[in-house]
$ cat start29.cif   # mmCIF, C-alpha atoms
data_final
#
loop_
_atom_site.label_atom_id
_atom_site.label_comp_id
_atom_site.auth_asym_id
_atom_site.auth_seq_id
_atom_site.Cartn_x
_atom_site.Cartn_y
_atom_site.Cartn_z
CA MET A 1128 10.42 -44.29 -16.82
CA THR A 1129 9.92 -41.85 -19.67
CA ILE A 1130 9.59 -38.22 -18.58
CA THR A 1131 7.48 -35.87 -20.66
CA TYR A 1132 8.85 -32.36 -20.89
CA GLY A 1133 7.07 -29.16 -21.85
CA LEU A 1134 3.32 -28.68 -21.50
CA THR A 1135 1.52 -31.59 -19.82
CA ASP A 1136 -1.96 -32.13 -18.43
CA THR A 1137 -0.66 -31.15 -14.98
CA GLY A 1138 1.36 -28.08 -15.98
CA PHE A 1139 4.76 -27.36 -17.49
CA ARG A 1140 7.76 -29.62 -16.92
CA ARG A 1141 11.09 -28.02 -17.79
CA LYS A 1142 14.42 -29.73 -18.30
CA THR A 1143 16.97 -28.89 -15.64
CA TYR A 1144 20.66 -28.26 -16.29
CA ALA A 1145 21.53 -31.68 -14.87
CA GLU A 1146 18.98 -33.40 -17.10
CA ILE A 1147 20.16 -31.56 -20.21
CA ILE A 1148 23.85 -32.34 -19.76
CA ALA A 1149 23.07 -35.96 -18.89
CA SER A 1150 20.98 -36.24 -22.07
CA LEU A 1151 23.78 -34.77 -24.21
CA GLU A 1152 26.40 -37.08 -22.71
CA ALA A 1153 24.19 -40.14 -23.16
CA TRP A 1154 23.56 -39.27 -26.82
CA GLN A 1155 27.30 -38.69 -27.49
CA ARG A 1156 28.37 -41.95 -25.87
CA ASP A 1157 25.65 -43.80 -27.80
CA LYS A 1158 26.60 -42.27 -31.16
CA ILE A 1159 30.38 -41.95 -30.78
CA SER A 1160 31.84 -44.20 -28.10
CA THR A 1161 30.88 -45.53 -24.69
CA LYS A 1162 34.44 -44.74 -23.57
CA LEU A 1163 34.21 -41.07 -24.55
CA ASP A 1164 35.80 -38.79 -21.91
CA LEU A 1165 33.35 -35.98 -21.22
CA SER A 1166 34.91 -34.68 -18.02
CA GLU A 1167 35.42 -30.99 -17.36
CA LYS A 1168 39.07 -31.43 -18.39
CA THR A 1169 38.09 -32.08 -22.02
CA VAL A 1170 37.04 -29.67 -24.74
CA LEU A 1171 33.83 -31.57 -25.45
CA GLY A 1172 32.98 -31.72 -21.75
CA ASN A 1173 33.27 -27.93 -21.51
CA VAL A 1174 31.22 -27.43 -24.67
CA ASN A 1175 28.50 -29.63 -23.17
CA ALA A 1176 28.49 -27.51 -20.00
CA ILE A 1177 28.21 -24.26 -21.95
CA VAL A 1178 25.45 -25.52 -24.22
CA SER A 1179 23.54 -27.06 -21.29
CA GLU A 1180 23.64 -23.80 -19.35
CA GLU A 1181 22.20 -21.88 -22.29
CA LEU A 1182 19.50 -24.50 -22.90
CA ALA A 1183 18.59 -24.55 -19.20
CA GLN A 1184 18.00 -20.79 -19.31
CA ALA A 1185 15.81 -21.25 -22.38
CA TRP A 1186 13.75 -23.90 -20.58
CA GLU A 1187 13.37 -21.56 -17.57
CA THR A 1188 12.07 -18.83 -19.88
CA LEU A 1189 9.60 -21.26 -21.45
CA GLU A 1190 8.43 -22.27 -17.97
CA ALA A 1191 7.84 -18.63 -17.04
CA ALA A 1192 5.98 -18.03 -20.30
CA ALA A 1193 3.78 -21.07 -19.71
CA GLY A 1194 3.11 -19.89 -16.16
CA GLY A 1195 1.95 -16.58 -17.58
CA LEU A 1196 -1.15 -18.35 -18.85
CA ASP A 1197 -2.24 -18.74 -15.22
CA PRO A 1198 -2.60 -15.46 -13.25
CA ASP A 1199 -1.92 -17.38 -10.03
CA THR A 1200 1.58 -18.36 -11.19
CA ALA A 1201 2.42 -15.57 -13.66
CA VAL A 1202 5.36 -13.35 -12.74
CA ASP A 1203 6.75 -9.95 -13.71
CA ALA A 1204 5.50 -8.58 -17.05
CA LEU A 1205 3.38 -11.69 -17.65
CA LEU A 1206 1.38 -11.03 -14.47
CA VAL A 1207 0.97 -7.37 -15.42
CA GLY A 1208 -0.37 -8.44 -18.81
CA ALA A 1209 -2.69 -11.07 -17.36
CA CYS A 1210 -4.19 -8.49 -15.01
CA LYS A 1211 -4.80 -6.08 -17.88
CA LEU A 1212 -7.01 -8.72 -19.51
CA THR A 1213 -9.47 -8.26 -16.64
CA GLY A 1214 -9.12 -4.47 -16.56
CA VAL A 1215 -6.71 -4.27 -13.62
CA VAL A 1216 -3.77 -1.98 -14.36
CA ARG A 1217 -0.70 -1.85 -12.14
CA SER A 1218 -0.46 1.43 -10.23
CA GLY A 1219 2.71 3.42 -10.75
CA ALA A 1220 4.68 5.38 -8.18
CA ASP A 1221 3.14 8.72 -7.18
CA TYR A 1222 4.16 12.03 -5.64
CA GLY A 1223 3.53 13.17 -2.08
CA HIS A 1224 1.29 16.17 -1.37
CA VAL A 1225 0.85 18.53 1.56
CA ALA A 1226 -1.67 21.34 1.82
CA GLY A 1227 -1.56 24.53 3.83
CA VAL A 1228 2.17 24.92 4.43
CA THR A 1229 2.60 28.11 6.49
CA LEU A 1230 5.16 30.59 5.14
CA THR A 1231 6.24 33.63 7.13
CA PHE A 1232 7.51 36.76 5.35
CA ASP A 1233 9.14 39.94 6.69
CA ARG A 1234 8.41 41.89 3.49
CA ALA A 1235 6.43 41.70 0.27
CA CYS A 1236 7.54 38.85 -1.94
CA THR A 1237 6.50 36.89 -5.03
CA ILE A 1238 7.67 33.31 -5.55
CA PRO A 1239 7.00 31.62 -8.92
CA ALA A 1240 5.57 28.11 -8.96
CA ASN A 1241 8.02 25.22 -8.41
CA THR A 1242 10.89 27.50 -7.35
CA LEU A 1243 10.62 27.32 -3.56
CA LEU A 1244 12.17 24.11 -2.29
CA LEU A 1245 11.59 22.94 1.27
CA SER A 1246 13.09 19.84 2.82
CA VAL A 1247 12.26 17.80 5.87
CA GLU A 1248 14.34 18.48 8.94
CA GLY A 1249 17.28 16.06 9.00
CA GLU A 1250 16.47 14.69 5.51
CA ALA A 1251 18.23 16.88 2.95
CA THR A 1252 17.04 14.82 -0.05
CA ASN A 1253 13.37 14.79 1.03
CA ILE A 1254 12.50 17.88 -1.00
CA TRP A 1255 9.12 19.47 -1.84
CA SER A 1256 8.25 22.40 -4.14
CA ASN A 1257 5.37 24.90 -4.25
CA ASP A 1258 2.52 23.97 -6.59
CA SER A 1259 1.60 27.51 -7.64
CA GLU A 1260 2.80 31.10 -7.48
CA ILE A 1261 2.96 32.58 -3.98
CA ILE A 1262 2.24 36.29 -3.60
CA ALA A 1263 2.89 37.95 -0.24
CA ALA A 1264 1.63 41.53 -0.62
CA ILE A 1265 2.89 42.53 2.83
CA ALA A 1266 4.87 41.05 5.68
CA GLY A 1267 2.98 38.25 7.44
CA THR A 1268 2.00 34.66 6.73
CA GLN A 1269 0.73 32.90 3.63
CA THR A 1270 -0.24 29.29 3.04
CA ALA A 1271 0.65 27.22 0.00
CA ASP A 1272 0.40 23.64 -1.21
CA PHE A 1273 3.54 21.63 -1.93
CA THR A 1274 4.36 18.47 -3.88
CA SER A 1275 7.39 16.23 -3.52
CA VAL A 1276 10.00 16.54 -6.26
CA GLY A 1277 10.11 12.78 -6.70
CA THR A 1278 7.86 9.74 -6.37
CA GLY A 1279 7.89 6.97 -3.81
CA SER A 1280 7.20 6.34 -0.15
CA THR A 1281 10.48 7.95 0.90
CA TYR A 1282 8.78 11.30 0.34
CA ALA A 1283 6.97 11.70 3.66
CA ALA A 1284 6.68 14.63 6.05
CA ALA A 1285 5.28 14.43 9.54
CA ALA A 1286 3.54 17.52 10.90
CA GLU A 1287 5.87 20.48 11.53
CA THR A 1288 8.92 18.86 9.90
CA LEU A 1289 8.91 20.53 6.46
CA THR A 1290 10.90 23.45 7.83
CA VAL A 1291 14.23 23.64 6.01
CA ILE A 1292 14.31 26.27 3.25
CA SER A 1293 16.55 24.69 0.62
CA THR A 1294 16.35 27.68 -1.75
CA PRO A 1295 16.73 30.84 0.38
CA ILE A 1296 14.46 33.64 -0.87
CA LEU A 1297 14.72 37.25 0.25
CA GLY A 1298 11.76 38.02 2.46
CA LEU A 1299 10.94 34.43 3.42
CA VAL A 1300 11.72 33.93 7.10
CA SER A 1301 10.36 30.47 7.94
CA ALA A 1302 8.18 27.58 6.78
CA THR A 1303 6.33 24.71 8.43
CA ASN A 1304 3.56 22.24 7.67
CA PRO A 1305 0.90 22.20 10.42
CA THR A 1306 -0.48 18.87 9.17
CA GLU A 1307 1.12 15.64 8.07
CA ALA A 1308 1.74 15.26 4.35
CA THR A 1309 0.16 12.57 2.22
CA SER A 1310 3.21 10.47 1.49
CA GLY A 1311 4.31 9.49 -1.99
CA THR A 1312 3.64 5.91 -3.03
CA ASP A 1313 5.83 3.23 -4.57
CA GLN A 1314 4.91 1.30 -7.68
CA GLN A 1315 2.32 -1.32 -6.78
CA SER A 1316 3.95 -4.59 -5.78
CA LEU A 1317 3.19 -7.68 -7.83
CA ASP A 1318 1.62 -9.37 -4.79
CA ALA A 1319 -0.71 -6.39 -4.31
CA LEU A 1320 -1.54 -6.41 -8.03
CA ARG A 1321 -2.45 -10.09 -7.87
CA THR A 1322 -4.66 -9.43 -4.83
CA GLU A 1323 -6.38 -6.50 -6.58
CA ARG A 1324 -7.13 -8.70 -9.57
CA GLU A 1325 -8.75 -11.31 -7.34
CA ALA A 1326 -10.80 -8.61 -5.59
CA SER A 1327 -11.95 -7.18 -8.92
CA LEU A 1328 -13.16 -10.60 -10.02
CA ALA A 1329 -15.05 -11.00 -6.75
CA ALA A 1330 -16.66 -7.63 -7.41
CA THR A 1331 -18.34 -9.04 -10.52
CA GLY A 1332 -20.43 -11.26 -8.26
CA LYS A 1333 -23.86 -10.10 -7.16
CA GLY A 1334 -25.84 -10.12 -3.97
CA THR A 1335 -23.38 -11.36 -1.34
CA VAL A 1336 -21.82 -9.12 1.29
CA ALA A 1337 -18.41 -10.12 -0.09
CA ALA A 1338 -19.43 -8.95 -3.56
CA VAL A 1339 -20.68 -5.61 -2.23
CA ALA A 1340 -17.49 -5.07 -0.22
CA ALA A 1341 -15.34 -5.99 -3.21
CA ALA A 1342 -17.26 -3.57 -5.44
CA VAL A 1343 -16.83 -0.76 -2.91
CA LEU A 1344 -13.09 -1.44 -2.68
CA THR A 1345 -12.75 -0.67 -6.41
CA VAL A 1346 -13.93 2.93 -5.84
CA PRO A 1347 -10.95 5.32 -5.90
CA GLY A 1348 -10.01 6.47 -2.41
CA VAL A 1349 -11.52 3.52 -0.52
CA LEU A 1350 -9.06 1.89 1.86
CA ASP A 1351 -11.31 -0.70 3.51
CA ALA A 1352 -14.94 -1.78 3.65
CA ARG A 1353 -17.24 -3.98 5.68
CA VAL A 1354 -20.81 -4.97 4.87
CA PHE A 1355 -23.09 -6.05 7.71
CA GLU A 1356 -26.28 -7.92 6.87
CA ASN A 1357 -29.45 -8.67 8.74
CA ASP A 1358 -31.13 -11.71 7.24
CA THR A 1359 -33.77 -11.96 9.97
CA ASP A 1360 -37.31 -10.60 10.20
CA ALA A 1361 -36.42 -8.27 13.11
CA THR A 1362 -34.17 -5.25 13.48
CA VAL A 1363 -30.68 -6.31 14.63
CA ASP A 1364 -27.98 -3.87 15.75
CA GLY A 1365 -30.00 -1.05 14.23
CA ILE A 1366 -30.17 -2.71 10.80
CA PRO A 1367 -33.73 -3.22 9.50
CA PRO A 1368 -34.89 -6.71 8.49
CA HIS A 1369 -33.38 -8.10 5.28
CA ALA A 1370 -31.07 -5.10 4.80
CA ILE A 1371 -27.36 -4.47 4.58
CA ARG A 1372 -25.25 -1.75 6.18
CA PRO A 1373 -22.11 -0.94 4.15
CA VAL A 1374 -19.36 0.73 6.20
CA ILE A 1375 -16.64 2.56 4.27
CA TRP A 1376 -13.17 3.68 5.29
CA ASP A 1377 -11.68 6.20 2.86
CA GLY A 1378 -9.34 8.06 5.20
CA VAL A 1379 -9.77 10.99 7.52
CA GLY A 1380 -10.25 13.26 4.51
CA GLU A 1381 -13.08 11.10 3.07
CA ALA A 1382 -11.34 10.64 -0.29
CA ALA A 1383 -14.06 8.57 -2.02
CA ASP A 1384 -16.94 10.16 -3.90
CA ASP A 1385 -20.35 9.50 -2.32
CA ALA A 1386 -22.08 9.00 -5.67
CA ALA A 1387 -19.44 6.48 -6.78
CA LEU A 1388 -19.86 4.58 -3.52
CA ALA A 1389 -23.63 4.52 -3.89
CA GLN A 1390 -23.38 3.23 -7.46
CA ALA A 1391 -20.95 0.48 -6.46
CA ILE A 1392 -23.26 -0.65 -3.65
CA TYR A 1393 -26.41 -0.52 -5.75
CA THR A 1394 -24.90 -2.37 -8.70
CA SER A 1395 -23.52 -5.22 -6.56
CA LYS A 1396 -26.27 -5.74 -3.97
CA GLY A 1397 -29.07 -8.24 -4.39
CA ALA A 1398 -32.32 -7.16 -6.01
CA GLY A 1399 -34.76 -5.87 -3.42
CA THR A 1400 -32.17 -5.70 -0.64
CA GLU A 1401 -32.51 -2.49 1.34
CA THR A 1402 -29.47 -0.46 2.41
CA HIS A 1403 -29.01 1.16 5.80
CA GLY A 1404 -26.79 3.98 7.01
CA ALA A 1405 -26.63 7.66 7.92
CA ILE A 1406 -25.29 8.80 4.53
CA ASP A 1407 -27.65 9.04 1.56
CA SER A 1408 -26.56 9.25 -2.05
CA ALA A 1409 -28.16 8.53 -5.39
CA ALA A 1410 -27.32 5.70 -7.75
CA THR A 1411 -28.81 5.00 -11.17
CA ASP A 1412 -30.46 1.76 -12.25
CA PRO A 1413 -30.01 0.33 -15.79
CA TRP A 1414 -33.02 2.37 -17.00
CA GLY A 1415 -31.78 5.70 -15.68
CA THR A 1416 -34.00 5.84 -12.60
CA SER A 1417 -32.43 7.40 -9.52
CA LYS A 1418 -32.19 5.12 -6.47
CA ILE A 1419 -31.23 6.31 -2.99
CA VAL A 1420 -28.53 4.22 -1.33
CA HIS A 1421 -27.66 4.41 2.37
CA PHE A 1422 -24.27 3.65 3.90
CA ASP A 1423 -21.95 4.73 6.69
CA ARG A 1424 -18.35 5.79 6.97
CA ALA A 1425 -16.30 4.12 9.67
CA ALA A 1426 -16.09 6.18 12.84
CA VAL A 1427 -12.61 7.62 13.38
CA VAL A 1428 -11.10 6.89 16.79
CA PRO A 1429 -8.13 9.25 17.39
CA ILE A 1430 -5.30 7.52 19.24
CA TYR A 1431 -2.92 9.45 21.49
CA VAL A 1432 0.56 8.20 22.39
CA VAL A 1433 3.23 9.38 24.82
CA VAL A 1434 6.64 7.74 24.46
CA VAL A 1435 9.59 8.29 26.80
CA VAL A 1436 12.91 7.57 25.12
CA SER A 1437 16.60 8.30 25.18
CA GLY A 1438 19.22 8.34 22.44
CA THR A 1439 20.19 10.38 19.43
CA PHE A 1440 17.31 10.30 16.98
CA THR A 1441 14.99 12.46 14.90
CA GLU A 1442 11.62 12.97 16.56
CA SER A 1443 9.80 13.06 13.23
CA THR A 1444 11.28 9.67 12.31
CA LEU A 1445 10.21 8.20 15.65
CA ARG A 1446 6.68 9.54 15.31
CA ALA A 1447 6.40 8.23 11.76
CA ALA A 1448 7.64 4.79 12.84
CA ILE A 1449 4.98 4.55 15.55
CA VAL A 1450 2.24 5.61 13.12
CA ALA A 1451 3.41 3.02 10.57
CA ALA A 1452 3.26 0.25 13.19
CA HIS A 1453 -0.55 0.35 13.20
CA ASP A 1454 -2.60 -0.76 10.20
CA ALA A 1455 -5.46 1.73 10.09
CA VAL A 1456 -8.32 -0.41 8.79
CA ILE A 1457 -11.80 -1.19 10.05
CA ASP A 1458 -12.03 -3.34 13.19
CA ARG A 1459 -8.25 -3.40 13.77
CA ASP A 1460 -7.28 -3.12 17.44
CA VAL A 1461 -4.30 -0.94 18.36
CA TYR A 1462 -1.63 -3.25 19.75
CA PHE A 1463 0.60 -1.89 22.49
CA ALA A 1464 3.44 -4.32 21.67
CA LEU A 1465 3.63 -3.21 18.02
CA LEU A 1466 3.92 0.46 18.97
CA ILE A 1467 6.61 -0.06 21.59
CA ALA A 1468 8.52 -2.38 19.22
CA ALA A 1469 8.48 0.33 16.55
CA ALA A 1470 9.90 2.82 19.05
CA ILE A 1471 12.63 0.39 20.13
CA GLN A 1472 13.61 -0.31 16.53
CA CYS A 1473 13.72 3.36 15.50
CA PRO A 1474 17.24 4.35 14.40
CA GLY A 1475 19.08 6.24 17.14
CA VAL A 1476 16.79 5.20 19.97
CA THR A 1477 18.76 3.46 22.72
CA THR A 1478 16.13 3.07 25.43
CA VAL A 1479 12.34 3.19 25.58
CA SER A 1480 11.50 3.89 29.22
CA ASP A 1481 7.74 4.02 28.80
CA LEU A 1482 4.93 4.17 26.27
CA THR A 1483 1.31 4.92 27.02
CA LEU A 1484 -1.66 5.15 24.67
CA GLY A 1485 -5.30 6.07 24.92
CA LEU A 1486 -8.27 7.91 23.46
CA SER A 1487 -7.48 11.34 24.94
CA PRO A 1488 -4.42 13.55 25.49
CA ALA A 1489 -2.06 12.49 28.31
CA PRO A 1490 -2.95 8.79 27.94
CA GLU A 1491 -2.10 6.36 30.72
CA GLU A 1492 -2.95 2.94 29.28
CA ARG A 1493 -0.32 0.25 28.60
CA VAL A 1494 -2.68 -2.25 27.01
CA ASN A 1495 -4.19 -2.93 23.61
CA LEU A 1496 -7.00 -0.58 22.59
CA ALA A 1497 -10.12 -2.33 21.31
CA ILE A 1498 -11.63 -0.92 18.10
CA ALA A 1499 -15.23 -1.73 17.18
CA ASN A 1500 -16.19 -3.47 13.94
CA ASP A 1501 -17.38 -0.18 12.40
CA GLU A 1502 -14.50 1.98 13.65
CA VAL A 1503 -10.93 2.76 12.63
CA GLY A 1504 -8.23 3.59 15.13
CA VAL A 1505 -6.13 6.40 13.66
CA LEU A 1506 -2.67 7.42 14.78
CA ASP A 1507 -1.25 10.75 13.64
CA THR A 1508 2.17 12.25 14.25
CA SER A 1509 0.52 15.34 15.73
CA ARG A 1510 -0.94 13.17 18.53
CA ILE A 1511 2.33 11.45 19.43
CA HIS A 1512 4.21 13.21 22.23
CA VAL A 1513 7.90 12.36 22.52
CA VAL A 1514 9.62 12.85 25.87
CA THR A 1515 13.41 12.65 25.67
CA VAL A 1516 15.33 11.78 28.82
CA PRO A 1517 19.11 11.54 29.42
CA GLU A 1518 20.69 8.13 29.07
#
$ encode --input "start29.cif" --output "C-alpha cells"
Amino acid sequence: MTITYGLTDTGFRRKTYAEIIASLEAWQRDKISTKLDLSEKTVLGNVNAIVSEELAQAWETLEAAAGGLDPDTAVDALLVGACKLTGVVRSGADYGHVAGVTLTFDRACTIPANTLLLSVEGEATNIWSNDSEIIAAIAGTQTADFTSVGTGSTYAAAAETLTVISTPILGLVSATNPTEATSGTDQQSLDALRTEREASLAATGKGTVAAVAAAVLTVPGVLDARVFENDTDATVDGIPPHAIRPVIWDGVGEAADDAALAQAIYTSKGAGTETHGAIDSAATDPWGTSKIVHFDRAAVVPIYVVVVVSGTFTESTLRAAIVAAHDAVIDRDVYFALLIAAAIQCPGVTTVSDLTLGLSPAPEERVNLAIANDEVGVLDTSRIHVVTVPE
C-alpha cells in the first residue's frame, strides 16, 4: 500500500525516523547491492542513522507548522499567532499589588519611592517595594501602597504577613498589610489562551444567553458570568417575561467598569430583549442613542474556616493553601474535602485534627456549603483561624 506523506485531505502525515531509515536502506540496496551491509557497525549504516534523525526532526517541524493552520492543534508560537488573527493576545506575567500597608514610625521620616523593601514573613525572596514617596511628618502611622519587585504568582501576601523590613530605615519601627495582596500572575498558559480564543468567538454571536455571557467575560476584570433567561409570558424568579438577568462576578473589589458591562450586554443580547437587575448603566446603540441596561453582581458569601493542626509550618502558607483550594466562581459549592485536603498537604503540617467551616465566625459545620446560582462563596486568609496544637 502506498502511503502519502505531507498534506493530505485528512491532515498532515509525517515520515517517522523508522520510515525514513527504512526508505534510505531500501533505495541503497536497490541501487547498489541487495547484499549491502547497513548495520550500525558500518560507516554507511551510521551515516543513514544520522541523516534519518535530522530528516525526522525536519518532518516534525513541518507537522507542527501544518498544525498551526488549525487553532485547535496549533502549539507554542503558532497558537499565539493564530489567536492574534482573531484579536486575542496572550497575557503576560504581571506584578502583585497591595494597598494600605500600615507603617509605624517613632520619628519624622521621608522614604523615596521604590526604596523601602518589605518581604513576607518566612519568604525572604518575596519582596515588595513602595509605589510612591512616603512622608511621615511626625511619629505615628502612615499607609502606603506596595508592588512586588517581580512578576508571577509566587508574589503573594496573605493579610498581616508583609512584615519583614528588608531595608532598615531610621525611624521606621514596623510594617504590616491589614488586607491580602492581589497576587502577581504568571504568563497565560497556552490552554487558557486557546479557551479565551474560543470564548471570544462565541462572543461574536448574538441573542443567546451563551453569547451574552461570553461577551461579558471579555470585559476586563470579569471573572465569571451567568445569564438567566425567562422565555415565558409570566414573571419567573423575579425576572419579567421575555427578559434576561445577567449576573457578573468581578471580585470583591468590583473590578469591571459598569459602563463596559452594560455595553457588552446590550451589544450581544437579542433585539427587543429586556434586561433585569438591580444595577443600571447606560450603553450606546449604533446611532448614538443611550440605552439603559440592567444587571446584577453575584452576591458575595463570606466563608469562615477554623483549622486545628500540628506540625512546623507557616500559618500564612496554610491559610493561602486553604483559600486556593476553593474556586471562587458563581454557583460553586464550597467542598469540605478539598479544604481539609489542602490543609493536610500543606508543607510542614503533620496532623489535621479538625476543620470546620460556615457562614459566620466560629463555624461548626463539617459539610459542604451550598452556594446559590447567583452567589459566590469567597474565602479570605483573614477569615481563616489556625489553631496549633502539640503533636
$ atom_distance --input "start29.cif" --atom1 "atom CA of Leu1189 of chain A" --atom2 "atom CA of Arg1140 of chain A"
9.7 Å
$ atom_distance --input "start29.cif" --atom1 "atom CA of Arg1510 of chain A" --atom2 "atom CA of Thr1439 of chain A"
21.3 Å
$ residues_near_point --input "start29.cif" --point "(11.6, -22.4, -18.5)" --cutoff "8 Å" --atoms "only C-alpha atoms" --output "ChimeraX atom specification"
/A:1141-1142,1183-1192
$ residues_around --input "start29.cif" --residues "Thr1359 of chain A" --least-positions-apart "2" --cutoff "7 Å" --atoms "all atoms listed in the file" --output "number ranges by chain"
A: 1357, 1361, 1368-1369
$ residues_around --input "start29.cif" --residues "Ala1391 of chain A" --least-positions-apart "5" --cutoff "9 Å" --atoms "all atoms listed in the file" --output "list in words"
Val1339, Ala1342, Val1343, Leu1344, Thr1345, Val1346, Ala1386, Lys1396 and Ala1410 of chain A
$ closest_residue --input "start29.cif" --among "A:Glu1260, A:Leu1245, A:Glu1381, A:Pro1239" --to "Pro1295 of chain A" --atoms "all atoms listed in the file"
A:Leu1245
$ atom_distance --input "start29.cif" --atom1 "atom CA of Ser1437 of chain A" --atom2 "atom CA of Thr1281 of chain A"
25.0 Å
$ closest_residue --input "start29.cif" --among "A:Asp1423, A:Asp1377, A:Asp1360, A:Glu1287" --to "Asp1407 of chain A" --atoms "all atoms listed in the file"
A:Asp1423
$ closest_residue --input "start29.cif" --among "A:Val1215, A:Ala1398, A:Leu1289, A:Ala1153" --to "Glu1325 of chain A" --atoms "only C-alpha atoms"
A:Val1215
$ residues_around --input "start29.cif" --residues "Ala1284 of chain A" --least-positions-apart "6" --cutoff "10 Å" --atoms "all atoms listed in the file" --output "short mmCIF file (atom, residue, chain, number, x, y, z; two decimals) with C-alpha atoms, keeping the file's coordinate frame"
data_model
loop_
_atom_site.label_atom_id
_atom_site.label_comp_id
_atom_site.auth_asym_id
_atom_site.auth_seq_id
_atom_site.Cartn_x
_atom_site.Cartn_y
_atom_site.Cartn_z
CA GLY A 1223 3.53 13.17 -2.08
CA HIS A 1224 1.29 16.17 -1.37
CA VAL A 1225 0.85 18.53 1.56
CA SER A 1246 13.09 19.84 2.82
CA VAL A 1247 12.26 17.80 5.87
CA GLU A 1248 14.34 18.48 8.94
CA GLU A 1250 16.47 14.69 5.51
CA ASN A 1253 13.37 14.79 1.03
CA ILE A 1254 12.50 17.88 -1.00
CA TRP A 1255 9.12 19.47 -1.84
CA SER A 1275 7.39 16.23 -3.52
CA THR A 1290 10.90 23.45 7.83
CA ASN A 1304 3.56 22.24 7.67
CA THR A 1306 -0.48 18.87 9.17
CA GLU A 1307 1.12 15.64 8.07
CA ALA A 1308 1.74 15.26 4.35
CA THR A 1309 0.16 12.57 2.22
CA SER A 1310 3.21 10.47 1.49
CA GLY A 1311 4.31 9.49 -1.99
CA SER A 1443 9.80 13.06 13.23
CA THR A 1444 11.28 9.67 12.31
CA ALA A 1447 6.40 8.23 11.76
CA THR A 1508 2.17 12.25 14.25
#
$ resolve_selection --input "start29.cif" --expression "the PyMOL selection byres ((chain A and resi 1418) around 9)" --output "PyMOL selection string"
chain A and resi 1389+1393+1408-1412+1416-1417+1419-1420
